[in-house]
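Enquirer: Have a look at this one.
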Amino acid sequence: MAGRQAMSVTAAVRLANPHSWVAAVYPAVFGELYCLLAGYDLSWLQAVLLLGACILMQSSVNTLNDYFDFVKGTDTTDDFVEVHDAVLVYEEIAPKQALYLGLAYLAAAALLVLPVIVGAGPAPWCIGLVGGLVVLAYSGGKTPLSYLPVGELVSGGVMGGLIPLGVAAAVHGIVDGLALILAIPFIIGIGLVMMTNNISDIEKDRQARRKTLPVVVGRPKAVRLYRAAVVCWIVSLLVIPVWYGGLSGLVVPALAALTGRKVFAFLLTSPLIPQERVRQMKCIAMANVLGNGAYLIGAALAVLAGRAV
């Protein structure tokens, strides 16, 4: 597009959206802790490569999502978003550069994880292929997954569930269903990030003819579903750590209550309206940092205590 400038390193980093990397880092670290709990042989090099690949995959999701939203006209200066979260809207960058960058992030993730999975059998390859296809289908194509009522389930399931499952498969070569069950707090917490955004954007999404879950069920029912999901998330943080961690798992609800009670209380009372969008997105992000962060600490303590799953 004439008149647009070359992408700077700063813009490339902003498109990767580092403050959202918790959605990849936490599940990846949990997957590695799960490997230790399950007695799988995980080296430091494997841990670093898997974590880096997951961060690059999240960067790809963020960049491609921004690109497709911009070219379809659903991201504008009229939205209640922060400037650094809408690079293509506020900076004179050719959109195709964002497309190429998103694909480059995805390719880099595949290359980084290749040394880990090359001899691990078909399981990690299949999980990785599914993850890569979902990344592309999430925002791209005629009818992106993010435009459908399954968007919350897909984002939570892939980032919160498929990452720990993939990490365990890359290390041990099998599909370990227990890793997916123990990842439930991440699945719910990450899915709620998208649901927070979608409920706030109901009016805009209707105009864009998106069929997100909140658009389909309407704001009142969507808010009730949202609060029910928050309750389920809190219950999972209370129950699951004690199930596999024993007494050390009690640290999780204690830490979550101590550090995150205000943000969780806000999530249970937030009106989820467009005017409060920035605050709502910050609170759901902080709830993930604190709540699922406490869950990670509980898993680490279980490893140190010699617990096994």
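Each chain of the structure tokens is named A, B, ... in the order shown, its residues numbered from 1; ligands are numbered from 1 in display order.
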Would you mind listing what lies within 12 Å of A:Val303 as a VMD selection string, with only C-alpha atoms counted and same-chain residues fewer than 3 positions away left out?
Expert: chain A and resid 30 32 to 39 241 244 to 246 248 to 249 296 to 300 306 to 309
Enquirer: For the selection just defined, write its residues with N, CA and C atoms to a file, as a compact mmCIF listing (two decimals), in the first residue's frame.
Expert:
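The resulting file, part28.txt, is shown below:
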```
# COMPACT_ATOMS: atom_id res chain seq x y z
N PHE A 30 3.86 -25.46 32.63
CA PHE A 30 3.12 -26.52 33.31
C PHE A 30 3.35 -27.87 32.63
N GLU A 32 5.97 -28.85 31.16
CA GLU A 32 7.30 -29.32 31.56
C GLU A 32 7.30 -29.81 33.00
N LEU A 33 6.58 -29.11 33.87
CA LEU A 33 6.45 -29.59 35.25
C LEU A 33 5.70 -30.92 35.30
N TYR A 34 4.70 -31.04 34.42
CA TYR A 34 3.96 -32.31 34.37
C TYR A 34 4.89 -33.46 33.97
N CYS A 35 5.79 -33.19 33.03
CA CYS A 35 6.75 -34.23 32.62
C CYS A 35 7.56 -34.71 33.83
N LEU A 36 7.97 -33.77 34.67
CA LEU A 36 8.73 -34.14 35.87
C LEU A 36 7.86 -34.92 36.85
N LEU A 37 6.60 -34.52 37.01
CA LEU A 37 5.68 -35.24 37.90
C LEU A 37 5.40 -36.65 37.39
N ALA A 38 5.38 -36.79 36.06
CA ALA A 38 5.10 -38.09 35.46
C ALA A 38 6.34 -38.96 35.31
N GLY A 39 7.49 -38.40 35.65
CA GLY A 39 8.73 -39.17 35.58
C GLY A 39 9.34 -39.24 34.19
N PRO A 241 -5.17 -28.97 42.32
CA PRO A 241 -3.84 -29.03 42.93
C PRO A 241 -3.77 -29.97 44.13
N TYR A 244 -3.63 -33.85 42.95
CA TYR A 244 -2.37 -34.49 42.57
C TYR A 244 -1.19 -34.06 43.44
N GLY A 245 -1.34 -32.96 44.18
CA GLY A 245 -0.22 -32.44 44.96
C GLY A 245 -0.31 -32.70 46.44
N GLY A 246 -1.45 -33.22 46.90
CA GLY A 246 -1.60 -33.45 48.33
C GLY A 246 -1.59 -32.15 49.11
N SER A 248 0.77 -30.06 49.64
CA SER A 248 1.45 -28.96 48.96
C SER A 248 0.51 -28.22 48.02
N GLY A 249 -0.55 -28.91 47.56
CA GLY A 249 -1.51 -28.28 46.67
C GLY A 249 -2.36 -27.22 47.35
N LEU A 296 0.84 -22.88 38.96
CA LEU A 296 2.19 -23.29 38.56
C LEU A 296 3.09 -23.48 39.79
N ILE A 297 2.99 -22.57 40.74
CA ILE A 297 3.78 -22.69 41.96
C ILE A 297 3.43 -23.98 42.69
N GLY A 298 2.13 -24.30 42.72
CA GLY A 298 1.70 -25.55 43.35
C GLY A 298 2.28 -26.76 42.65
N ALA A 299 2.32 -26.73 41.31
CA ALA A 299 2.90 -27.84 40.56
C ALA A 299 4.39 -27.96 40.84
N ALA A 300 5.08 -26.82 40.92
CA ALA A 300 6.52 -26.83 41.20
C ALA A 300 6.79 -27.39 42.60
N GLY A 306 8.47 -34.41 45.57
CA GLY A 306 8.60 -35.78 45.07
C GLY A 306 7.29 -36.45 44.74
N ARG A 307 6.23 -35.66 44.51
CA ARG A 307 4.94 -36.23 44.16
C ARG A 307 4.99 -36.79 42.74
N ALA A 308 4.11 -37.72 42.46
CA ALA A 308 4.04 -38.32 41.13
C ALA A 308 2.59 -38.42 40.70
N VAL A 309 2.36 -38.41 39.39
CA VAL A 309 1.00 -38.54 38.85
C VAL A 309 0.91 -39.83 38.05
```
Enquirer: Write out as a ChimeraX atom specification the set of residues from stretch 8-244 of chain A that DSSP, computed on the backbone, places in alpha helix (DSSP H).
Expert: /A:9-16,22-37,44-71,87-90,95-117,122-139,151-155,163-172,177-182,184-200,202-207,213-217,219-244
Enquirer: Separation of atom CA of A:Met286 and atom CA of A:Phe266, in Å?
Expert: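 Taking atom CA of A:Met286 and atom CA of A:Phe266, their separation equals 11.1 Å.
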Enquirer: My list of candidates is A:Ser43, A:Asn65, A:Ser155, A:Asn292. Which is closest to A:Leu192 when distances are computed with only C-alpha atoms?
Expert: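 Counting only C-alpha atoms, the residue closest to A:Leu192 is A:Ser155.
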Enquirer: Just checking: using only C-alpha atoms, which residue out of A:Val251, A:Val193, A:Leu153, A:Ala53 ends up closest to A:Leu213?
Expert: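 Among A:Val251, A:Val193, A:Leu153, A:Ala53, it is A:Leu153 that comes nearest to A:Leu213.
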Enquirer: Which residue out of A:Pro27, A:Gly191, A:Pro185, A:Gly52 has the minimum interatomic distance to A:Leu112 when only C-alpha atoms are used?
Expert: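 For A:Leu112, the nearest of the candidates is A:Gly52.
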Enquirer: Please report the interatomic distance between atom CA of A:Val134 and atom CA of A:Gly161 in Å with one decimal.
Expert: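 Between atom CA of A:Val134 and atom CA of A:Gly161 the gap works out to 13.2 Å.
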Enquirer: Determine the nearest neighbour of A:Leu111 from the options A:Ser236, A:Ser59, A:Met195, A:Cys54, counting only C-alpha atoms.
Expert: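 Comparing A:Ser236, A:Ser59, A:Met195, A:Cys54 against A:Leu111, the winner is A:Cys54.
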Enquirer: Tell me which protein, DNA and RNA residues are within 10 Å of A:Ala23, counting only C-alpha atoms, leaving out same-chain ones fewer than 2 positions away, and put them as an NGL selection string.
Expert: :A and (19-21 or 25-28 or 54-55 or 58 or 155-156 or 159-160 or 163 or 186-187 or 189-191 or 193 or 285 or 288-289 or 292)
Enquirer: Would you please work out which residue, of A:Val252, A:Ile202, A:Val263, A:Leu301, is nearest to A:Cys283 when using only C-alpha atoms?
Expert: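 Answer, going by the shortest atom-to-atom distance: A:Val263.
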